[in-house]
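S.K.: So I've got this file, target-v2.pdb, and it contains PDB, C-alpha atoms:
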ATOM      1  CA  ASP A   4     -25.334 -13.232   1.231
ATOM      2  CA  LYS A   5     -24.499 -11.850  -2.182
ATOM      3  CA  PHE A   6     -22.144  -9.481  -3.937
ATOM      4  CA  ILE A   7     -23.474  -6.224  -5.336
ATOM      5  CA  ALA A   8     -21.456  -4.746  -8.173
ATOM      6  CA  MET A   9     -20.613  -1.065  -7.847
ATOM      7  CA  PRO A  10     -21.564   0.988 -10.906
ATOM      8  CA  PHE A  11     -18.642   2.351 -12.905
ATOM      9  CA  ASN A  12     -17.959   4.445 -15.969
ATOM     10  CA  ALA A  13     -14.367   4.138 -17.227
ATOM     11  CA  SER A  14     -14.799   7.234 -19.404
ATOM     12  CA  LEU A  15     -14.771   9.301 -16.195
ATOM     13  CA  ALA A  16     -11.112   8.402 -15.470
ATOM     14  CA  GLY A  17      -9.892  11.793 -16.691
ATOM     15  CA  ALA A  18     -13.026  13.805 -16.032
ATOM     16  CA  GLN A  19     -12.819  17.036 -14.032
ATOM     17  CA  GLU A  20     -15.816  16.359 -11.784
ATOM     18  CA  LYS A  21     -14.712  15.781  -8.190
ATOM     19  CA  THR A  22     -17.697  13.647  -7.182
ATOM     20  CA  SER A  23     -19.820  11.129  -9.044
ATOM     21  CA  PRO A  24     -22.457   8.463  -8.287
ATOM     22  CA  VAL A  25     -20.332   5.900 -10.182
ATOM     23  CA  LEU A  26     -16.742   4.664  -9.899
ATOM     24  CA  ASN A  27     -14.421   6.163 -12.510
ATOM     25  CA  ASP A  28     -12.465   3.011 -13.415
ATOM     26  CA  ALA A  29     -13.278  -0.626 -14.072
ATOM     27  CA  THR A  30      -9.854  -1.891 -12.922
ATOM     28  CA  VAL A  31      -9.634  -1.987  -9.126
ATOM     29  CA  TRP A  32      -6.428  -3.015  -7.356
ATOM     30  CA  GLY A  33      -7.514  -2.709  -3.741
ATOM     31  CA  PHE A  34      -9.634  -1.023  -1.116
ATOM     32  CA  CYS A  35      -9.570  -0.192   2.575
ATOM     33  CA  GLU A  36     -12.224   0.814   5.100
ATOM     34  CA  THR A  37     -11.638   3.674   7.532
ATOM     35  CA  LYS A  38     -12.799   4.061  11.114
ATOM     36  CA  ARG A  39     -15.424   6.512   9.799
ATOM     37  CA  GLY A  40     -16.964   3.777   7.658
ATOM     38  CA  GLU A  41     -15.757   5.186   4.341
ATOM     39  CA  PHE A  42     -14.216   3.007   1.646
ATOM     40  CA  TRP A  43     -11.135   3.985  -0.354
ATOM     41  CA  ILE A  44     -10.765   2.224  -3.707
ATOM     42  CA  THR A  45      -7.485   2.146  -5.626
ATOM     43  CA  THR A  46      -7.627   1.919  -9.421
ATOM     44  CA  HIS A  47      -5.309   1.344 -12.359
ATOM     45  CA  TYR A  48      -6.009   4.482 -14.390
ATOM     46  CA  ALA A  49      -7.924   6.925 -12.207
ATOM     47  CA  GLY A  50      -6.140   7.289  -8.868
ATOM     48  CA  ILE A  51      -8.091   6.605  -5.701
ATOM     49  CA  ASN A  52     -11.786   7.061  -4.917
ATOM     50  CA  ARG A  53     -13.429   7.649  -1.553
ATOM     51  CA  TYR A  54     -16.858   6.043  -1.366
ATOM     52  CA  ASP A  55     -19.346   7.334   1.202
ATOM     53  CA  PRO A  56     -22.067   4.708   1.839
ATOM     54  CA  ALA A  57     -24.317   7.371   3.393
ATOM     55  CA  THR A  58     -24.522   9.406   0.183
ATOM     56  CA  GLY A  59     -23.602   6.791  -2.410
ATOM     57  CA  LEU A  60     -21.064   9.212  -3.897
ATOM     58  CA  PHE A  61     -17.484   8.630  -5.026
ATOM     59  CA  THR A  62     -14.944  11.428  -4.496
ATOM     60  CA  LYS A  63     -11.958  11.270  -6.841
ATOM     61  CA  TYR A  64      -8.343  11.962  -5.963
ATOM     62  CA  ARG A  65      -5.942  11.996  -8.909
ATOM     63  CA  ASN A  66      -2.517  13.237  -9.842
ATOM     64  CA  ASP A  67      -2.816  16.720 -11.345
ATOM     65  CA  ALA A  68       0.917  17.486 -11.694
ATOM     66  CA  THR A  69       1.070  19.371  -8.377
ATOM     67  CA  ASP A  70       3.223  18.409  -5.398
ATOM     68  CA  THR A  71       0.209  17.936  -3.132
ATOM     69  CA  SER A  72      -1.926  15.757  -5.406
ATOM     70  CA  LEU A  73      -1.817  11.944  -5.467
ATOM     71  CA  ALA A  74       1.673  10.708  -6.408
ATOM     72  CA  ASN A  75       0.448   8.762  -9.454
ATOM     73  CA  ASN A  76      -2.858   7.721 -11.032
ATOM     74  CA  ILE A  77      -1.902   4.043 -10.874
ATOM     75  CA  ALA A  78      -2.757   3.321  -7.236
ATOM     76  CA  TRP A  79      -1.963  -0.154  -5.931
ATOM     77  CA  GLY A  80      -2.956  -0.365  -2.279
ATOM     78  CA  CYS A  81      -4.053   1.707   0.708
ATOM     79  CA  LEU A  82      -4.117   1.562   4.490
ATOM     80  CA  GLU A  83      -5.505   3.728   7.281
ATOM     81  CA  ASP A  84      -2.968   3.529  10.110
ATOM     82  CA  SER A  85      -3.571   3.686  13.867
ATOM     83  CA  LYS A  86      -3.059   7.478  13.780
ATOM     84  CA  GLY A  87      -5.847   7.915  11.229
ATOM     85  CA  ARG A  88      -3.511   8.677   8.332
ATOM     86  CA  LEU A  89      -4.313   7.196   4.937
ATOM     87  CA  TRP A  90      -1.355   5.787   2.991
ATOM     88  CA  ILE A  91      -1.578   5.019  -0.729
ATOM     89  CA  GLY A  92       1.046   3.100  -2.663
ATOM     90  CA  THR A  93       1.315   4.115  -6.308
ATOM     91  CA  ALA A  94       3.411   3.418  -9.391
ATOM     92  CA  ASN A  95       5.556   6.472  -8.667
ATOM     93  CA  GLY A  96       5.849   6.927  -4.931
ATOM     94  CA  LEU A  97       3.873   6.893  -1.724
ATOM     95  CA  SER A  98       1.117   9.343  -0.758
ATOM     96  CA  ARG A  99      -0.089  10.189   2.744
ATOM     97  CA  LEU A 100      -3.376  11.899   3.557
ATOM     98  CA  ASP A 101      -3.536  13.215   7.111
ATOM     99  CA  PRO A 102      -6.849  13.417   9.031
ATOM    100  CA  GLY A 103      -8.944  16.414   8.008
ATOM    101  CA  GLN A 104      -6.788  17.212   4.986
ATOM    102  CA  GLU A 105      -7.612  17.126   1.274
ATOM    103  CA  THR A 106      -4.047  17.314  -0.038
ATOM    104  CA  PHE A 107      -1.280  14.742   0.103
ATOM    105  CA  LYS A 108       2.254  14.522   1.416
ATOM    106  CA  ASN A 109       4.267  12.528  -1.110
ATOM    107  CA  TYR A 110       7.381  10.407  -0.732
ATOM    108  CA  ARG A 111       9.304   9.656  -3.912
ATOM    109  CA  PRO A 112      12.455   7.683  -4.678
ATOM    110  CA  GLN A 113      15.670   9.636  -4.192
ATOM    111  CA  ALA A 114      19.412   8.992  -4.074
ATOM    112  CA  ASN A 115      19.308   9.564  -0.295
ATOM    113  CA  PRO A 116      19.702   6.082   1.296
ATOM    114  CA  HIS A 117      16.873   6.852   3.749
ATOM    115  CA  ALA A 118      14.404   7.851   1.042
ATOM    116  CA  LEU A 119      12.288   5.399  -0.921
ATOM    117  CA  GLN A 120      14.565   3.362  -3.162
ATOM    118  CA  ALA A 121      11.862   2.452  -5.685
ATOM    119  CA  GLY A 122       8.806   4.235  -7.007
ATOM    120  CA  VAL A 123       6.410   1.284  -7.159
ATOM    121  CA  ILE A 124       4.826   0.648  -3.736
ATOM    122  CA  GLU A 125       2.799  -2.558  -3.955
ATOM    123  CA  ASP A 126       1.563  -3.195  -0.397
ATOM    124  CA  ILE A 127       1.354  -1.535   3.030
ATOM    125  CA  TYR A 128       1.254  -3.122   6.484
ATOM    126  CA  GLU A 129       1.117  -1.832  10.070
ATOM    127  CA  ASP A 130       2.376  -4.258  12.713
ATOM    128  CA  ALA A 131       1.227  -4.696  16.312
ATOM    129  CA  LYS A 132       3.785  -2.120  17.485
ATOM    130  CA  GLY A 133       2.457   0.530  15.111
ATOM    131  CA  ARG A 134       5.395   0.288  12.714
ATOM    132  CA  LEU A 135       4.596   0.874   9.069
ATOM    133  CA  TRP A 136       6.077  -1.343   6.372
ATOM    134  CA  PHE A 137       5.975  -0.748   2.620
ATOM    135  CA  GLY A 138       6.609  -3.353  -0.054
ATOM    136  CA  SER A 139       8.491  -2.076  -3.086
ATOM    137  CA  MET A 140      10.533  -3.356  -6.008
ATOM    138  CA  ALA A 141      13.690  -2.494  -4.030
ATOM    139  CA  GLY A 142      12.764  -4.423  -0.876
ATOM    140  CA  LEU A 143      10.885  -3.775   2.367
ATOM    141  CA  HIS A 144      10.822  -0.170   3.615
ATOM    142  CA  LEU A 145      10.288   0.599   7.313
ATOM    143  CA  PHE A 146       8.897   4.096   7.974
ATOM    144  CA  ARG A 147      10.811   5.954  10.697
ATOM    145  CA  GLU A 148       8.405   8.328  12.443
ATOM    146  CA  GLU A 149      11.079  10.309  14.269
ATOM    147  CA  THR A 150      12.900  11.308  11.077
ATOM    148  CA  ASP A 151      10.038  11.037   8.542
ATOM    149  CA  ASP A 152      12.070   8.727   6.327
ATOM    150  CA  PHE A 153      12.711   5.033   5.662
ATOM    151  CA  PHE A 154      15.041   2.143   6.383
ATOM    152  CA  LEU A 155      15.373  -0.520   3.706
ATOM    153  CA  TYR A 156      15.629  -4.286   4.165
ATOM    154  CA  SER A 157      16.549  -6.182   1.001
ATOM    155  CA  MET A 158      18.621  -8.977  -0.528
ATOM    156  CA  ASP A 159      21.576  -7.452   1.309
ATOM    157  CA  ASP A 160      19.867  -8.618   4.514
ATOM    158  CA  GLY A 161      19.173 -12.151   3.288
ATOM    159  CA  PHE A 162      15.979 -11.739   1.258
ATOM    160  CA  ASP A 163      15.837 -14.031  -1.773
ATOM    161  CA  ASN A 164      14.053 -11.370  -3.833
ATOM    162  CA  ASN A 165      13.624  -7.591  -3.615
ATOM    163  CA  SER A 166      10.186  -7.348  -5.207
ATOM    164  CA  ILE A 167       7.858  -7.280  -2.178
ATOM    165  CA  ARG A 168       4.317  -7.644  -3.475
ATOM    166  CA  THR A 169       2.300  -8.435  -0.361
ATOM    167  CA  ILE A 170       2.893  -8.151   3.420
ATOM    168  CA  THR A 171       1.233  -9.530   6.541
ATOM    169  CA  GLY A 172       2.276 -10.508  10.066
ATOM    170  CA  ASP A 173       1.792 -13.449  12.415
ATOM    171  CA  ARG A 174       1.094 -13.677  16.139
ATOM    172  CA  LEU A 175       4.789 -14.166  16.927
ATOM    173  CA  GLY A 176       5.743 -10.798  15.476
ATOM    174  CA  ASN A 177       7.147 -12.144  12.218
ATOM    175  CA  ILE A 178       6.519 -10.343   8.956
ATOM    176  CA  TRP A 179       5.598 -12.476   5.959
ATOM    177  CA  MET A 180       6.121 -11.244   2.432
ATOM    178  CA  GLY A 181       5.140 -12.555  -0.968
ATOM    179  CA  THR A 182       7.611 -11.796  -3.743
ATOM    180  CA  ASN A 183       8.192 -12.517  -7.418
ATOM    181  CA  ASN A 184       9.891 -15.755  -6.360
ATOM    182  CA  GLY A 185       8.177 -17.131  -3.267
ATOM    183  CA  LEU A 186       7.727 -16.180   0.409
ATOM    184  CA  ILE A 187       9.942 -14.504   3.008
ATOM    185  CA  GLN A 188       9.611 -14.692   6.794
ATOM    186  CA  PHE A 189      11.355 -11.805   8.570
ATOM    187  CA  ASN A 190      11.611 -11.093  12.289
ATOM    188  CA  PRO A 191      12.104  -7.327  12.867
ATOM    189  CA  GLU A 192      13.562  -7.872  16.342
ATOM    190  CA  THR A 193      16.156 -10.563  15.607
ATOM    191  CA  LYS A 194      16.544  -9.717  11.875
ATOM    192  CA  LYS A 195      16.302 -13.446  11.138
ATOM    193  CA  VAL A 196      15.224 -14.238   7.568
ATOM    194  CA  ARG A 197      13.818 -17.453   6.123
ATOM    195  CA  ASN A 198      13.081 -17.816   2.414
ATOM    196  CA  TYR A 199      10.456 -20.264   1.185
ATOM    197  CA  LEU A 200      10.820 -20.965  -2.531
ATOM    198  CA  SER A 201       9.050 -24.322  -2.914
ATOM    199  CA  VAL A 202       6.461 -26.594  -1.301
ATOM    200  CA  ASN A 203       6.818 -30.383  -1.626
ATOM    201  CA  GLY A 204       9.335 -29.868  -4.400
ATOM    202  CA  LYS A 205       7.102 -27.486  -6.373
ATOM    203  CA  LYS A 206       8.269 -23.919  -6.930
ATOM    204  CA  ILE A 207       6.042 -21.282  -5.325
ATOM    205  CA  GLY A 208       6.856 -18.603  -7.902
ATOM    206  CA  GLY A 209       5.376 -15.124  -8.007
ATOM    207  CA  VAL A 210       2.733 -13.909  -5.535
ATOM    208  CA  ASN A 211       0.013 -11.428  -6.483
ATOM    209  CA  ASN A 212      -0.150  -7.901  -5.082
ATOM    210  CA  SER A 213      -1.857  -7.503  -1.678
ATOM    211  CA  SER A 214      -2.878 -11.157  -1.653
ATOM    212  CA  SER A 215      -1.783 -12.263   1.832
ATOM    213  CA  LEU A 216      -4.142 -13.507   4.553
ATOM    214  CA  LEU A 217      -3.411 -14.612   8.143
ATOM    215  CA  SER A 218      -5.688 -17.492   9.102
TER     216      SER A 218
END
In structure tokens, write the structure found in this file.

M.R.:
Amino acid sequence: DKFIAMPFNASLAGAQEKTSPVLNDATVWGFCETKRGEFWITTHYAGINRYDPATGLFTKYRNDATDTSLANNIAWGCLEDSKGRLWIGTANGLSRLDPGQETFKNYRPQANPHALQAGVIEDIYEDAKGRLWFGSMAGLHLFREETDDFFLYSMDDGFDNNSIRTITGDRLGNIWMGTNNGLIQFNPETKKVRNYLSVNGKKIGGVNNSSSLLS
């Protein structure tokens, strides 16, 4: 029962090598494990890394100014959904890596009301019905599979704050969000919203990125 630190070399953040035996950034924002047993690690300066425990190698995925590379090199969080797609929230949009692919489909903020309404995507959650939810600085985005776009829930729907920093769900189907100003409980079926801004008279305040846990 102990933690083993992964080796890293921050000087590799901008290096051209695709694979390396060490992580290319010391600042890690999150990670997710896939059904194949691989680990994806999001970083602050160097995009996202895929770690293969069988080989001990890290494979780097960064933004290289092409439409099919990672949306941004500041990668906040990631999630493999029930369809095997990997989603990565970045500081400038959302990236999706489909099974068997090495290039990304990117979603960026646009004036279209059913596009992303903010570039910073701070957390990702899939509920029990397979719906995908994305926390942004503009509110909570629901991905609509049939149209490949988004529906936004925000302060216009009763949220106290639009900066959604972490998302999880409970056994009753409610979605819980941590924001810059407390917690929000949202029921996707009834659209009922409850805001929690204090506990025993003490202000909750801001919640860290991807910091929620259902116990």

S.K.: Quick one: apply the PyMOL selection byres ((chain A and resi 161) around 10) to the file and drop the selected residues here as a ChimeraX atom specification.

M.R.: /A:156-160,162-165,187,189,194-198

S.K.: Measure the distance from CA of Gln188 (chain A) to CA of Asp173 (chain A) in Å and round it to one decimal.

M.R.: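 Pair CA of Gln188 (chain A) / CA of Asp173 (chain A) returns 9.7 Å.
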
S.K.: Mind telling me what the PyMOL selection byres ((chain A and resi 201-210) around 8) catches here, as a PyMOL selection string?

M.R.: chain A and resi 168-169+181-186+199-200+211-212+214

S.K.: Give me the residues near region 42-51 of chain A as a list in words, where near means some atom within 8 Å (using only C-alpha atoms) and where sequence neighbours in that chain fewer than 2 positions away do not count.

M.R.: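 In the requested format, the answer is Ala16, Gly17, Asn27, Asp28, Ala29, Thr30, Val31, Trp32, Gly33, Phe34, Cys35, Glu36, Thr37, Gly40, Arg53, Tyr54, Asp55, Lys63, Tyr64, Arg65, Asn66, Leu73, Asn75, Asn76, Ile77, Ala78, Trp79, Gly80 and Cys81 of chain A.
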
S.K.: Store the residues picked out above in a file with C-alpha atoms, as an mmCIF file, in the coordinates of the input.

M.R.:
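Result file out.cif:
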data_model
loop_
_atom_site.group_PDB
_atom_site.id
_atom_site.type_symbol
_atom_site.label_atom_id
_atom_site.label_comp_id
_atom_site.auth_asym_id
_atom_site.auth_seq_id
_atom_site.Cartn_x
_atom_site.Cartn_y
_atom_site.Cartn_z
ATOM 1 C CA ALA A 16 -11.112 8.402 -15.470
ATOM 2 C CA GLY A 17 -9.892 11.793 -16.691
ATOM 3 C CA ASN A 27 -14.421 6.163 -12.510
ATOM 4 C CA ASP A 28 -12.465 3.011 -13.415
ATOM 5 C CA ALA A 29 -13.278 -0.626 -14.072
ATOM 6 C CA THR A 30 -9.854 -1.891 -12.922
ATOM 7 C CA VAL A 31 -9.634 -1.987 -9.126
ATOM 8 C CA TRP A 32 -6.428 -3.015 -7.356
ATOM 9 C CA GLY A 33 -7.514 -2.709 -3.741
ATOM 10 C CA PHE A 34 -9.634 -1.023 -1.116
ATOM 11 C CA CYS A 35 -9.570 -0.192 2.575
ATOM 12 C CA GLU A 36 -12.224 0.814 5.100
ATOM 13 C CA THR A 37 -11.638 3.674 7.532
ATOM 14 C CA GLY A 40 -16.964 3.777 7.658
ATOM 15 C CA ARG A 53 -13.429 7.649 -1.553
ATOM 16 C CA TYR A 54 -16.858 6.043 -1.366
ATOM 17 C CA ASP A 55 -19.346 7.334 1.202
ATOM 18 C CA LYS A 63 -11.958 11.270 -6.841
ATOM 19 C CA TYR A 64 -8.343 11.962 -5.963
ATOM 20 C CA ARG A 65 -5.942 11.996 -8.909
ATOM 21 C CA ASN A 66 -2.517 13.237 -9.842
ATOM 22 C CA LEU A 73 -1.817 11.944 -5.467
ATOM 23 C CA ASN A 75 0.448 8.762 -9.454
ATOM 24 C CA ASN A 76 -2.858 7.721 -11.032
ATOM 25 C CA ILE A 77 -1.902 4.043 -10.874
ATOM 26 C CA ALA A 78 -2.757 3.321 -7.236
ATOM 27 C CA TRP A 79 -1.963 -0.154 -5.931
ATOM 28 C CA GLY A 80 -2.956 -0.365 -2.279
ATOM 29 C CA CYS A 81 -4.053 1.707 0.708
#

S.K.: Evaluate the PyMOL selection byres ((chain A and resi 97-104) around 9) on the structure here and hand back the selected residues as a list in words.

M.R.: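 Evaluating the PyMOL selection byres ((chain A and resi 97-104) around 9) on this file yields Thr71, Ser72, Leu73, Ala74, Asn75, Lys86, Gly87, Arg88, Leu89, Trp90, Ile91, Gly92, Thr93, Ala94, Asn95, Gly96, Glu105, Thr106, Phe107, Lys108, Asn109, Tyr110, Arg111, Leu119, Gly122, Val123 and Ile124 of chain A.
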
S.K.: Keeping only C-alpha atoms, write the selected residues to a file as an mmCIF file, in the coordinates of the input.

M.R.:
data_model
loop_
_atom_site.group_PDB
_atom_site.id
_atom_site.type_symbol
_atom_site.label_atom_id
_atom_site.label_comp_id
_atom_site.auth_asym_id
_atom_site.auth_seq_id
_atom_site.Cartn_x
_atom_site.Cartn_y
_atom_site.Cartn_z
ATOM 1 C CA THR A 71 0.209 17.936 -3.132
ATOM 2 C CA SER A 72 -1.926 15.757 -5.406
ATOM 3 C CA LEU A 73 -1.817 11.944 -5.467
ATOM 4 C CA ALA A 74 1.673 10.708 -6.408
ATOM 5 C CA ASN A 75 0.448 8.762 -9.454
ATOM 6 C CA LYS A 86 -3.059 7.478 13.780
ATOM 7 C CA GLY A 87 -5.847 7.915 11.229
ATOM 8 C CA ARG A 88 -3.511 8.677 8.332
ATOM 9 C CA LEU A 89 -4.313 7.196 4.937
ATOM 10 C CA TRP A 90 -1.355 5.787 2.991
ATOM 11 C CA ILE A 91 -1.578 5.019 -0.729
ATOM 12 C CA GLY A 92 1.046 3.100 -2.663
ATOM 13 C CA THR A 93 1.315 4.115 -6.308
ATOM 14 C CA ALA A 94 3.411 3.418 -9.391
ATOM 15 C CA ASN A 95 5.556 6.472 -8.667
ATOM 16 C CA GLY A 96 5.849 6.927 -4.931
ATOM 17 C CA GLU A 105 -7.612 17.126 1.274
ATOM 18 C CA THR A 106 -4.047 17.314 -0.038
ATOM 19 C CA PHE A 107 -1.280 14.742 0.103
ATOM 20 C CA LYS A 108 2.254 14.522 1.416
ATOM 21 C CA ASN A 109 4.267 12.528 -1.110
ATOM 22 C CA TYR A 110 7.381 10.407 -0.732
ATOM 23 C CA ARG A 111 9.304 9.656 -3.912
ATOM 24 C CA LEU A 119 12.288 5.399 -0.921
ATOM 25 C CA GLY A 122 8.806 4.235 -7.007
ATOM 26 C CA VAL A 123 6.410 1.284 -7.159
ATOM 27 C CA ILE A 124 4.826 0.648 -3.736
#

S.K.: Ranking A:Glu41, A:Asn52, A:Gln120, A:Asp84 by minimum distance to Phe11 (chain A) and counting all atoms listed in the file, which one comes first?

M.R.: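 Distance minimum relative to Phe11 (chain A) lands on A:Asn52.
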
S.K.: Please report the interatomic distance between CA of Pro112 (chain A) and CA of Ala141 (chain A) in Å with one decimal.

M.R.: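 It comes out at 10.3 Å.
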
S.K.: Could you please determine the separation between CA of Leu145 (chain A) and CA of Thr69 (chain A) in Å, to one decimal place?

M.R.: 26.1 Å

S.K.: Calculated over only C-alpha atoms, which of the candidates A:Ser213, A:Asp130, A:Ser218, A:Ala114 has the smallest distance to Gly176 (chain A)?

M.R.: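 Checking each of A:Ser213, A:Asp130, A:Ser218, A:Ala114 against Gly176 (chain A), counting only C-alpha atoms, the winner is A:Asp130.
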
S.K.: Identify which of the residues A:Ile178, A:Phe146, A:Leu216, A:Arg134 lies closest to Thr193 (chain A), counting only C-alpha atoms when measuring atom-to-atom distances.

M.R.: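 Of the candidates, the smallest distance to Thr193 (chain A) is held by A:Ile178.
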
S.K.: Just checking: using all atoms listed in the file, which residue out of A:Phe137, A:Phe154, A:Phe61, A:Tyr128 ends up closest to Met9 (chain A)?

M.R.: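 The shortest atom-to-atom distance to Met9 (chain A) comes from A:Phe61.
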
S.K.: Counting all atoms listed in the file, which of A:Ile7, A:Val25, A:Leu82, A:Ala18 gets nearest to Asp67 (chain A)?

M.R.: A:Ala18

S.K.: Which one of A:Pro24, A:Pro191, A:Ser215, A:Arg174 sits closest to Leu143 (chain A) if you count all atoms listed in the file?

M.R.: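 For Leu143 (chain A), the nearest of the given residues is A:Pro191.
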
S.K.: Given 6 Å on each side, where is the centre and what are the edge lengths in Å to one decimal of the axis-aligned box enclosing the listed atoms of region 78-86 of chain A, as JSON?

M.R.:
{"center_x": -3.7, "center_y": 3.6, "center_z": 3.3, "size_x": 15.5, "size_y": 19.8, "size_z": 33.1}
